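Worksheet for the structure shown next.
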Amino acid sequence: MQRLTTQITDRLSMAQFFEKMFTTRQKRPPLKAFILLTELDPKDLRSIVQKRKKLSNIYNINVTKLEDELYSLNVKRLLWKGHISGHAILDASHKGVWVVYCNEKSHFARFGLERLFARLYPHISRLYINYFQIRALLDKIKDAYRGQAPLTYFIVKREPKSPDARIKSGTFQLWEQNAEEELRSQSKNFRLTIHLVNFEVRDENDAVLLQGQMSRRGVCKLRFGSFAMFHENVVLQAIDLGLKWKGFYSHRERLVKDGEISLRPFRISYTSEFDEKQLYRLTDKISKNYLCSIIHGGNPYFAANVCDYLDGSSFGVTALGSYVTITPIAKDSHQAAWKLTNRLQEILGDGEIASIMG
Amino acid sequence: MPNASSLEQNCVRDYRKYSDTVAVSCAIYSYLMKHPDMAKFVGIEHRLQNHQGTPATPDIVATFDDDRRGLIFELKWSLPSDEKLLEQEIKELRKYVAPLSHWRRPSDKMETQDLILICHIDDAPRAVEMVRRLAKETAQSYLAKEGFAIWSWTITSAKKGERKEELRLLPIYGKTHSQKIEQLINQAGGLLFPEDVLTFLRFTFTFVREKPPLQYTMTVLIQNILSTFQRNPERELYDVHIDMIYERAKSFFPSWHEYDAATIQIKRKWIGEALEKLCELGLCGRVPDKDDWWKIPIPILRTKKAVQEVLCMKIAKAHLKHTKFKRRGRPRLSAVHPKATRKDKPITDFLS
């Protein structure tokens with residue numbers, strides 16, 4: 001496998017390197033592009049890791065500047081009794097966003113890089129996308145390539161909408177040339193939590209232009225195709241989506257305005273009503289990740305005050321009928337609001353997210 | 001003597017009752033703001049005065065009939081089960097019946113002053129029984145007249161498991177002078193509040209005027225106030241002054257901007273008591289040689305249970321330990337009785 005560090009010295013050489021690598025058919029790990037939301041300066045990454053006891057014990061990080069807003073990232077992590085190490089390229093040219101490219105094996109990408117970024121929350125937050133957002137993103141990719149972008153594979157967690165359905169809930173995956181139809185039909189009968197989708201773009205002559213993947217946690221993968229096109233049509237679209245939703249989740253804290261209290265809640269809408277079982281599960285699962293004071297558990301009304309352990313943001317969360325309502329209370333950050341919304345959807349299924357107009 | 005689990009259950013129930021009472025207060029507030037035709041909202045914890053200048057601050061104050069008649073809502077999150085205490089609570093309502101001024105302007109006086117006592121549906125029968133008994137006394141005769149009413153609130157689904165939960169106010173006793181309000185409350189099923197109250201409006205405020213149970217203030221401090229001091233994701237100790245905590249907590253009290261020094265002191269005391277209790281339970285400490293400074297680890301608690309349940313469990317255990325200690329006095333050091341092994345000779349051998 002060709003190493004990143006020896007080949008890439010600036011943005012141009014990076015584009016050429018990936019372009020050459022992914023337009024030829026050969027067996028190799030895909031190119032992973034992690035989309036991360038952060039206001040950090042990449043130069044401070046090392047010091048932040050060193051300041052956090054739990055991270056500094058297992059991670060050793062080096063950040064080298066290649067050119068303006070482009071850095072080489074060298075990560076070494078203790079794992080069990082051995083260690084894993086690898087390289088990545090960090091592109092910080094978009095304000096508030098980092099894109100980390102890595103063509104190392106999935107093992108390093110998952111346990112070395114992804115875990116590091118997950119543990120750097122709230123300094124760095126992930127781009128969480130649900131079923132509806134992935135579909136919107138795929139539509140944009142289709143338009144950009146002026147072709148078809150059929151799904152070829154997907155993994156979802158599903159739960160029947162009607163409790164007496166014969167099919168049980170669980171994880172479902174499908175490899176099929178046209179998996180989109182199946183996904184749509186599943187969304188009618190099940191509450192879905194999408195995990196990842198593979199897609200393929202073809203031209204008029206049925207030649208493959210792009211083979212890619214998109215995951216719930218903002219990792220875009222390029223298996224085959226032009227890097228320039230992938231960057232333009234997938235990565236930039238994902239960044240746009242990330243910045244749009246970052247704006248949505250920002251500035252929602254409970255405020256005092258002209259002597260009156262102003263709330264800026266938002267809600268996740270579903271097509272079917274919750275039953276007691278789902279709400280009891282919500283009570284059980286949400287308290288494993290958040291500090292909760294649950295006022296009503298599941299009768300069938302869920303109301304709780306929820307606090308993020310790592311960030312200190314607190315929210316009022318209720319589930320009634322077919323809506324989950326999130327009301328930021330104190331020290332609300334967009335990272336915490338987005339992470340909580342994602343966690344709630346992982347438990348209850350993906351829904352449509354919108355503000356509530358007072 | 002109650003056991004730990006029943007103490008804990010009561011403690012958690014009180015937490016929920018207070019929290020739902022806050023939701024009821026937010027519901028009435030938002031209802032009045034949206035329906036000025038029913039009654040015009042004046043204020044939450046608005047300061048009225050009697051002819052002697054003594055202030056009276058009911059939970060919610062409104063007027064109707066073109067500001068000619070006054071309407072007072074008094075919310076009780078819990079009514080005592082002890083008869084004497086209950087009698088005292090009901091008798092205290094009298095201060096809202098005496099002619100009051102300062103409704104919108106200092107000189108405002110009303111033709112009538114209606115008082116509505118709002119309590120939980122479980123407390124309502126006891127309250128009505130006591131009111132009926134006291135109404136026979138001449139000093140409390142206002143309880144039997146038009147202008148005094150008891151409403152109760154309930155959060156239930158119309159048919160369990162089939163319909164979603166609703167917040168309703170139900171008429172229990174007496175009536176007001178307003179025909180519109182009477183029509184509204186006496187419709188089948190009482191006054192049904194919009195769903196918004198249960199989904200997000202309940203988070204507008206966190207307190208009502210009445211003092212919350214200690215576990216409630218402690219939970220709010222942990223969840224919404226102390227957490228805002230957190231600067232780093234890892235647990236650290238922070239030195240915090242009580243005024244800094246009050247400053248961040250004050251917008252959670254309704255009508256915080258109208259408070260005078262005495263009211264601020266009361267709310268500050270609630271916070272102080274909650275911090276004391278957290279210290280007693282070993283969750284935080286005091287900064288040595290510095291008054292009103294607290295050493296608080298943030299996040300203060302990590303648990304997979306509900307915060308109030310953990311606090312109630314700790315409170316119940318501490319309470320039982322305390323009462324046991326009080327009952328028996330200082331625990332005696334137990335004498336050590338080493339067990340004799342087979343090889344040891346019995347004492348009788350030495351006696352012979």
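Labeling convention for the structure tokens: chains A, B, ... as they appear, residues from 1 per chain, ligands from 1 in order of appearance.
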**Distance query Arg286 in chain B at most 12 Å, only C-alpha atoms, self and fewer than 2 positions along chain excluded, as a ChimeraX atom specification** = /B:237-242,272,275-280,282-284,288-297
**Message:** Neighbouring residues of Tyr309 in chain A were defined as those with any atom within 10 Å, considering only C-alpha atoms; residues of the same chain fewer than 2 positions away were excluded. Please report them as number ranges by chain.
**Reply:** A: 289-291, 306-307, 311-314, 336; B: 223, 227, 230, 233-235, 298-302
Restrict the selected residues to N, CA and C atoms and save them as an mmCIF file, in the first residue's frame.
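File out19.cif, as written:
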data_model
loop_
_atom_site.group_PDB
_atom_site.id
_atom_site.type_symbol
_atom_site.label_atom_id
_atom_site.label_comp_id
_atom_site.auth_asym_id
_atom_site.auth_seq_id
_atom_site.Cartn_x
_atom_site.Cartn_y
_atom_site.Cartn_z
ATOM 1 N N ASN A 289 -26.358 7.008 28.690
ATOM 2 C CA ASN A 289 -25.431 7.958 28.076
ATOM 3 C C ASN A 289 -25.517 9.363 28.652
ATOM 4 N N TYR A 290 -26.636 9.676 29.276
ATOM 5 C CA TYR A 290 -26.843 11.034 29.774
ATOM 6 C C TYR A 290 -27.259 11.008 31.241
ATOM 7 N N LEU A 291 -26.970 12.114 31.915
ATOM 8 C CA LEU A 291 -27.445 12.268 33.288
ATOM 9 C C LEU A 291 -28.910 12.705 33.189
ATOM 10 N N VAL A 306 -32.406 16.243 30.756
ATOM 11 C CA VAL A 306 -31.259 15.446 30.340
ATOM 12 C C VAL A 306 -30.015 16.325 30.263
ATOM 13 N N CYS A 307 -28.896 15.840 30.818
ATOM 14 C CA CYS A 307 -27.683 16.665 30.832
ATOM 15 C C CYS A 307 -26.518 15.883 30.217
ATOM 16 N N ASP A 311 -20.222 17.907 28.201
ATOM 17 C CA ASP A 311 -20.357 19.271 27.705
ATOM 18 C C ASP A 311 -21.083 20.172 28.698
ATOM 19 N N GLY A 312 -21.928 19.579 29.540
ATOM 20 C CA GLY A 312 -22.670 20.360 30.539
ATOM 21 C C GLY A 312 -23.950 20.975 30.001
ATOM 22 N N SER A 313 -24.269 20.734 28.734
ATOM 23 C CA SER A 313 -25.527 21.266 28.177
ATOM 24 C C SER A 313 -26.695 20.460 28.733
ATOM 25 N N SER A 314 -27.820 21.155 28.963
ATOM 26 C CA SER A 314 -28.980 20.405 29.453
ATOM 27 C C SER A 314 -30.206 20.676 28.590
ATOM 28 N N ALA A 336 -23.829 19.346 21.361
ATOM 29 C CA ALA A 336 -24.607 18.536 22.302
ATOM 30 C C ALA A 336 -26.008 18.289 21.770
ATOM 31 N N GLN B 223 -28.560 19.202 37.398
ATOM 32 C CA GLN B 223 -28.844 19.052 35.970
ATOM 33 C C GLN B 223 -28.654 20.332 35.169
ATOM 34 N N SER B 227 -23.992 22.272 36.128
ATOM 35 C CA SER B 227 -23.402 21.746 34.889
ATOM 36 C C SER B 227 -22.919 22.869 33.969
ATOM 37 N N GLN B 230 -19.162 23.764 33.914
ATOM 38 C CA GLN B 230 -18.198 22.800 33.361
ATOM 39 C C GLN B 230 -17.415 23.401 32.198
ATOM 40 N N PRO B 233 -14.272 18.395 29.519
ATOM 41 C CA PRO B 233 -15.094 17.182 29.558
ATOM 42 C C PRO B 233 -14.764 16.237 30.705
ATOM 43 N N GLU B 234 -13.544 16.325 31.220
ATOM 44 C CA GLU B 234 -13.195 15.424 32.325
ATOM 45 C C GLU B 234 -13.617 16.037 33.659
ATOM 46 N N ARG B 235 -13.869 15.166 34.627
ATOM 47 C CA ARG B 235 -14.372 15.635 35.927
ATOM 48 C C ARG B 235 -13.311 16.451 36.654
ATOM 49 N N ILE B 298 -17.571 18.552 39.028
ATOM 50 C CA ILE B 298 -18.531 18.596 37.911
ATOM 51 C C ILE B 298 -17.983 17.721 36.782
ATOM 52 N N PRO B 299 -18.733 16.763 36.234
ATOM 53 C CA PRO B 299 -20.089 16.387 36.628
ATOM 54 C C PRO B 299 -20.124 15.813 38.047
ATOM 55 N N ILE B 300 -21.129 16.236 38.777
ATOM 56 C CA ILE B 300 -21.209 15.910 40.209
ATOM 57 C C ILE B 300 -21.560 14.440 40.423
ATOM 58 N N LEU B 301 -22.280 13.880 39.465
ATOM 59 C CA LEU B 301 -22.811 12.524 39.635
ATOM 60 C C LEU B 301 -22.749 11.792 38.304
ATOM 61 N N ARG B 302 -22.381 10.526 38.353
ATOM 62 C CA ARG B 302 -22.476 9.689 37.147
ATOM 63 C C ARG B 302 -23.303 8.469 37.519
#
**Message:** So that I can see what lies close to range 208-213 of chain A, please list as a VMD selection string the residues with an atom at most 8 Å from it, counting only C-alpha atoms and leaving out residues fewer than 2 positions away in the same chain.
**Reply:** chain A and resid 196 to 203 206 215 219 to 226 230
**chain A contacts on chain B, only C-alpha atoms, 9 Å, as a VMD selection string** = chain B and resid 15 to 16 19 to 20 156 to 157 160 to 165 195 198 to 205 219 to 220 222 to 235 251 255 257 298 to 299 301 to 309
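Closest to Glu111 in chain B among B:Leu214, B:Leu71, B:Val131, B:Val12 is B:Leu71, based on only C-alpha atoms.
By only C-alpha atoms, and with residues fewer than 5 positions from Lys105 in chain A along its chain excluded, the set lying at most 12 Å from it is Met1, Gln2, Arg3, Lys27, Arg28, Pro29, Pro30, Leu31, Lys32, Ile84, Ser85, Gly86, His87, Ala88, Arg110, Phe111, Gly112 and Leu113 of chain A.
Note that CA of Asn50 in chain B and CA of Tyr173 in chain B are 26.0 Å apart.
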Residue set, range 144-326 of chain B restricted to alpha helix (DSSP H), as a compact mmCIF listing (two decimals) with C-alpha atoms, in the first residue's frame:
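What follows is the written file result.txt:
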# COMPACT_ATOMS: atom_id res chain seq x y z
CA GLN B 179 -69.31 33.05 33.59
CA LYS B 180 -66.76 32.47 30.84
CA ILE B 181 -64.36 30.74 33.21
CA GLU B 182 -67.15 28.67 34.70
CA GLN B 183 -68.28 27.53 31.24
CA LEU B 184 -64.70 26.66 30.35
CA ILE B 185 -63.91 24.65 33.46
CA GLU B 195 -50.16 19.42 23.91
CA ASP B 196 -47.43 22.10 23.82
CA VAL B 197 -47.62 22.36 27.59
CA LEU B 198 -46.53 18.76 28.05
CA THR B 199 -44.00 18.79 25.22
CA LEU B 214 -35.14 19.49 48.77
CA GLN B 215 -34.54 16.66 46.29
CA TYR B 216 -36.12 18.79 43.56
CA THR B 217 -33.80 21.78 44.10
CA MET B 218 -30.82 19.42 44.33
CA THR B 219 -31.73 17.78 41.01
CA VAL B 220 -32.21 21.13 39.25
CA ILE B 242 -23.38 30.76 46.13
CA ASP B 243 -24.05 34.12 44.43
CA MET B 244 -22.60 32.76 41.18
CA ILE B 245 -25.02 29.85 41.45
CA TYR B 246 -27.96 32.12 42.25
CA GLU B 247 -27.09 34.37 39.30
CA ARG B 248 -27.33 31.41 36.93
CA ALA B 249 -30.40 29.98 38.65
CA ALA B 261 -34.06 41.74 48.42
CA ALA B 262 -36.18 39.63 50.79
CA THR B 263 -37.42 37.32 48.03
CA ILE B 264 -33.90 36.93 46.64
CA GLN B 265 -32.77 35.88 50.11
CA ILE B 266 -35.51 33.23 50.25
CA LYS B 267 -34.53 31.75 46.87
CA ARG B 268 -30.86 31.95 47.78
CA LYS B 269 -31.68 30.04 50.96
CA TRP B 270 -33.34 27.25 48.94
CA ILE B 271 -30.12 26.91 46.95
CA GLY B 272 -28.00 27.05 50.11
CA GLU B 273 -30.05 24.28 51.75
CA ALA B 274 -29.78 22.09 48.67
CA LEU B 275 -26.00 22.57 48.58
CA GLU B 276 -25.77 21.73 52.30
CA LYS B 277 -27.68 18.52 51.69
CA LEU B 278 -25.47 17.62 48.72
CA CYS B 279 -22.49 18.06 51.04
CA GLU B 280 -24.12 15.95 53.72
CA VAL B 307 -30.84 11.57 39.35
CA GLN B 308 -33.76 12.09 41.73
CA GLU B 309 -33.90 8.35 42.45
CA VAL B 310 -30.22 8.29 43.41
CA LEU B 311 -30.62 11.37 45.59
CA CYS B 312 -33.77 10.01 47.21
CA MET B 313 -32.04 6.71 47.94
CA LYS B 314 -29.14 8.52 49.59
CA ILE B 315 -31.49 10.83 51.52
CA ALA B 316 -33.58 7.87 52.74
CA LYS B 317 -30.50 5.95 53.87
CA ALA B 318 -29.05 9.00 55.63
CA HIS B 319 -32.41 9.67 57.31
CA LEU B 320 -32.72 6.10 58.61
CA LYS B 321 -29.15 6.14 59.85
CA HIS B 322 -29.80 9.42 61.63
CA THR B 323 -33.04 8.24 63.30
CA LYS B 324 -31.41 4.97 64.36
CA PHE B 325 -28.55 6.92 65.90
CA LYS B 326 -30.98 9.28 67.65
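Distance-wise, CA of His177 in chain B and CA of Lys145 in chain B end up 10.2 Å apart.
Using only C-alpha atoms, the smallest distance between any of B:Met130, B:Ser141, B:Ile60, B:Arg68 and Glu89 in chain B comes from B:Met130.
For the residues B:Ile118, B:Leu192, B:Ala98, B:Leu79, ranking by smallest atom-to-atom distance to Asp59 in chain B using only C-alpha atoms places B:Ile118 first.
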Selection near Ile194 in chain A, 8 Å with only C-alpha atoms, sequence-local residues under 5 positions removed, as a compact mmCIF listing (two decimals) with C-alpha atoms, in the first residue's frame:
# COMPACT_ATOMS: atom_id res chain seq x y z
CA ASN A 130 -30.31 10.28 9.47
CA TYR A 131 -32.32 8.44 6.82
CA PHE A 154 -27.53 -0.71 3.13
CA ILE A 155 -27.60 -1.54 6.81
CA VAL A 156 -30.50 -0.40 8.97
CA LYS A 157 -31.81 -1.13 12.40
CA ARG A 216 -24.60 7.74 9.75
CA ASP A 350 -35.00 8.21 12.25
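The coordinates place CA of Ala62 in chain B at 9.7 Å from CA of Met38 in chain B.
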**Request:** Go through range 9-206 of chain B and collect every residue that DSSP, computed from the backbone, puts in strand (DSSP E or B); the answer should be as an MDAnalysis selection string.
**Result:** chainID B and resid 40:44 48:50 55:56 60:64 69:76 100:101 112:120 148:157 165:175 191:192
Would you mind exporting the chosen residues as a PDB file, in the first residue's frame, restricted to C-alpha atoms?
ATOM      1  CA  LYS B  40     -56.068  39.418  31.424  1.00  0.00           C
ATOM      2  CA  PHE B  41     -52.754  38.257  32.812  1.00  0.00           C
ATOM      3  CA  VAL B  42     -51.187  40.597  35.379  1.00  0.00           C
ATOM      4  CA  GLY B  43     -48.166  38.695  36.646  1.00  0.00           C
ATOM      5  CA  ILE B  44     -46.577  35.654  38.192  1.00  0.00           C
ATOM      6  CA  LEU B  48     -50.483  42.817  45.806  1.00  0.00           C
ATOM      7  CA  GLN B  49     -51.004  44.789  49.029  1.00  0.00           C
ATOM      8  CA  ASN B  50     -53.723  44.931  51.631  1.00  0.00           C
ATOM      9  CA  PRO B  55     -47.744  42.287  50.654  1.00  0.00           C
ATOM     10  CA  ALA B  56     -49.473  39.198  49.271  1.00  0.00           C
ATOM     11  CA  ILE B  60     -50.652  33.930  39.250  1.00  0.00           C
ATOM     12  CA  VAL B  61     -52.689  37.135  39.157  1.00  0.00           C
ATOM     13  CA  ALA B  62     -55.165  38.168  36.438  1.00  0.00           C
ATOM     14  CA  THR B  63     -58.200  40.398  35.995  1.00  0.00           C
ATOM     15  CA  PHE B  64     -61.458  40.087  34.068  1.00  0.00           C
ATOM     16  CA  ARG B  69     -62.623  41.982  38.954  1.00  0.00           C
ATOM     17  CA  GLY B  70     -59.514  40.235  40.174  1.00  0.00           C
ATOM     18  CA  LEU B  71     -58.560  36.584  39.756  1.00  0.00           C
ATOM     19  CA  ILE B  72     -55.954  34.874  41.926  1.00  0.00           C
ATOM     20  CA  PHE B  73     -54.521  31.404  41.307  1.00  0.00           C
ATOM     21  CA  GLU B  74     -52.804  29.727  44.230  1.00  0.00           C
ATOM     22  CA  LEU B  75     -50.970  26.501  43.398  1.00  0.00           C
ATOM     23  CA  LYS B  76     -50.150  23.886  46.028  1.00  0.00           C
ATOM     24  CA  LEU B 100     -56.032  44.071  47.875  1.00  0.00           C
ATOM     25  CA  SER B 101     -54.568  46.899  45.813  1.00  0.00           C
ATOM     26  CA  THR B 112     -64.520  41.254  43.607  1.00  0.00           C
ATOM     27  CA  GLN B 113     -61.445  39.082  44.144  1.00  0.00           C
ATOM     28  CA  ASP B 114     -61.805  35.473  43.075  1.00  0.00           C
ATOM     29  CA  LEU B 115     -59.453  32.904  44.501  1.00  0.00           C
ATOM     30  CA  ILE B 116     -58.812  29.528  42.860  1.00  0.00           C
ATOM     31  CA  LEU B 117     -56.825  26.935  44.785  1.00  0.00           C
ATOM     32  CA  ILE B 118     -55.173  24.425  42.450  1.00  0.00           C
ATOM     33  CA  CYS B 119     -53.898  21.128  43.804  1.00  0.00           C
ATOM     34  CA  HIS B 120     -53.192  17.578  42.700  1.00  0.00           C
ATOM     35  CA  PHE B 148     -63.681  30.709  45.979  1.00  0.00           C
ATOM     36  CA  ALA B 149     -63.041  27.530  44.025  1.00  0.00           C
ATOM     37  CA  ILE B 150     -60.838  24.468  44.125  1.00  0.00           C
ATOM     38  CA  TRP B 151     -59.577  22.970  40.880  1.00  0.00           C
ATOM     39  CA  SER B 152     -57.425  19.911  40.577  1.00  0.00           C
ATOM     40  CA  TRP B 153     -54.977  18.910  37.874  1.00  0.00           C
ATOM     41  CA  THR B 154     -54.273  15.535  36.440  1.00  0.00           C
ATOM     42  CA  ILE B 155     -52.016  14.079  33.752  1.00  0.00           C
ATOM     43  CA  THR B 156     -53.626  10.924  32.390  1.00  0.00           C
ATOM     44  CA  SER B 157     -54.669   9.361  29.161  1.00  0.00           C
ATOM     45  CA  GLU B 165     -51.499  11.671  27.928  1.00  0.00           C
ATOM     46  CA  GLU B 166     -53.279  14.958  28.559  1.00  0.00           C
ATOM     47  CA  LEU B 167     -53.064  17.692  31.140  1.00  0.00           C
ATOM     48  CA  ARG B 168     -56.473  18.723  32.446  1.00  0.00           C
ATOM     49  CA  LEU B 169     -57.852  21.025  35.118  1.00  0.00           C
ATOM     50  CA  LEU B 170     -61.044  19.822  36.768  1.00  0.00           C
ATOM     51  CA  PRO B 171     -63.546  21.760  38.915  1.00  0.00           C
ATOM     52  CA  ILE B 172     -63.815  20.226  42.363  1.00  0.00           C
ATOM     53  CA  TYR B 173     -65.474  22.780  44.584  1.00  0.00           C
ATOM     54  CA  GLY B 174     -67.075  26.261  44.486  1.00  0.00           C
ATOM     55  CA  LYS B 175     -67.208  28.720  41.625  1.00  0.00           C
ATOM     56  CA  LEU B 191     -60.124  22.354  30.822  1.00  0.00           C
ATOM     57  CA  LEU B 192     -57.829  20.497  28.437  1.00  0.00           C
TER      58      LEU B 192
END
**Request:** Identify, on the basis of only C-alpha atoms, every residue whose closest approach to Leu12 in chain A does not exceed 12 Å; exclude the query and any residue fewer than 4 positions from it along the same chain; express the result as a PyMOL selection string.
**Result:** chain A and resi 7-8+16-19+66-67+70+227-228
Restricting the output to N, CA and C atoms, write the selected residues as a compact mmCIF listing (two decimals), in the first residue's frame.
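So the final result, stored in out.txt, reads:
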# COMPACT_ATOMS: atom_id res chain seq x y z
N GLN A 7 4.18 10.58 -0.36
CA GLN A 7 3.67 11.04 -1.66
C GLN A 7 3.05 12.43 -1.62
N ILE A 8 2.45 12.77 -0.47
CA ILE A 8 1.69 14.02 -0.43
C ILE A 8 2.49 15.13 0.25
N GLN A 16 -3.71 14.58 -6.95
CA GLN A 16 -3.14 13.70 -7.98
C GLN A 16 -2.96 12.27 -7.46
N PHE A 17 -2.49 12.19 -6.24
CA PHE A 17 -2.25 10.88 -5.62
C PHE A 17 -3.54 10.07 -5.51
N PHE A 18 -4.58 10.70 -4.98
CA PHE A 18 -5.85 9.98 -4.81
C PHE A 18 -6.53 9.73 -6.16
N GLU A 19 -6.38 10.70 -7.07
CA GLU A 19 -6.99 10.56 -8.40
C GLU A 19 -6.44 9.30 -9.08
N LEU A 66 1.59 20.97 5.98
CA LEU A 66 2.07 20.74 4.61
C LEU A 66 2.01 22.04 3.81
N GLU A 67 0.84 22.67 3.84
CA GLU A 67 0.68 24.02 3.27
C GLU A 67 -0.47 24.68 4.01
N LEU A 70 -3.58 22.73 5.37
CA LEU A 70 -3.43 21.30 5.04
C LEU A 70 -2.34 20.71 5.93
N PHE A 227 -11.23 11.26 -7.75
CA PHE A 227 -11.19 11.92 -6.44
C PHE A 227 -11.74 13.34 -6.54
N ALA A 228 -11.39 14.02 -7.66
CA ALA A 228 -11.84 15.41 -7.83
C ALA A 228 -13.37 15.47 -7.81
What's the 6 Å shell around Trp98 in chain A, counting only C-alpha atoms, without same-chain residues fewer than 4 positions away, as an mmCIF file with N, CA and C atoms, in the first residue's frame?
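Generated file (part_3.cif):
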data_model
loop_
_atom_site.group_PDB
_atom_site.id
_atom_site.type_symbol
_atom_site.label_atom_id
_atom_site.label_comp_id
_atom_site.auth_asym_id
_atom_site.auth_seq_id
_atom_site.Cartn_x
_atom_site.Cartn_y
_atom_site.Cartn_z
ATOM 1 N N LEU A 36 -15.771 16.435 10.089
ATOM 2 C CA LEU A 36 -15.840 16.765 11.516
ATOM 3 C C LEU A 36 -16.146 18.244 11.687
ATOM 4 N N ASP A 91 -7.606 18.392 6.191
ATOM 5 C CA ASP A 91 -7.885 19.586 5.389
ATOM 6 C C ASP A 91 -8.791 20.503 6.209
ATOM 7 N N ALA A 92 -8.284 21.684 6.564
ATOM 8 C CA ALA A 92 -9.066 22.600 7.403
ATOM 9 C C ALA A 92 -9.430 23.873 6.634
#
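Of the listed residues (A:Val75, A:Leu138, A:Leu236, A:Val49), A:Leu236 comes nearest to Ser93 in chain A; the distances count only C-alpha atoms.
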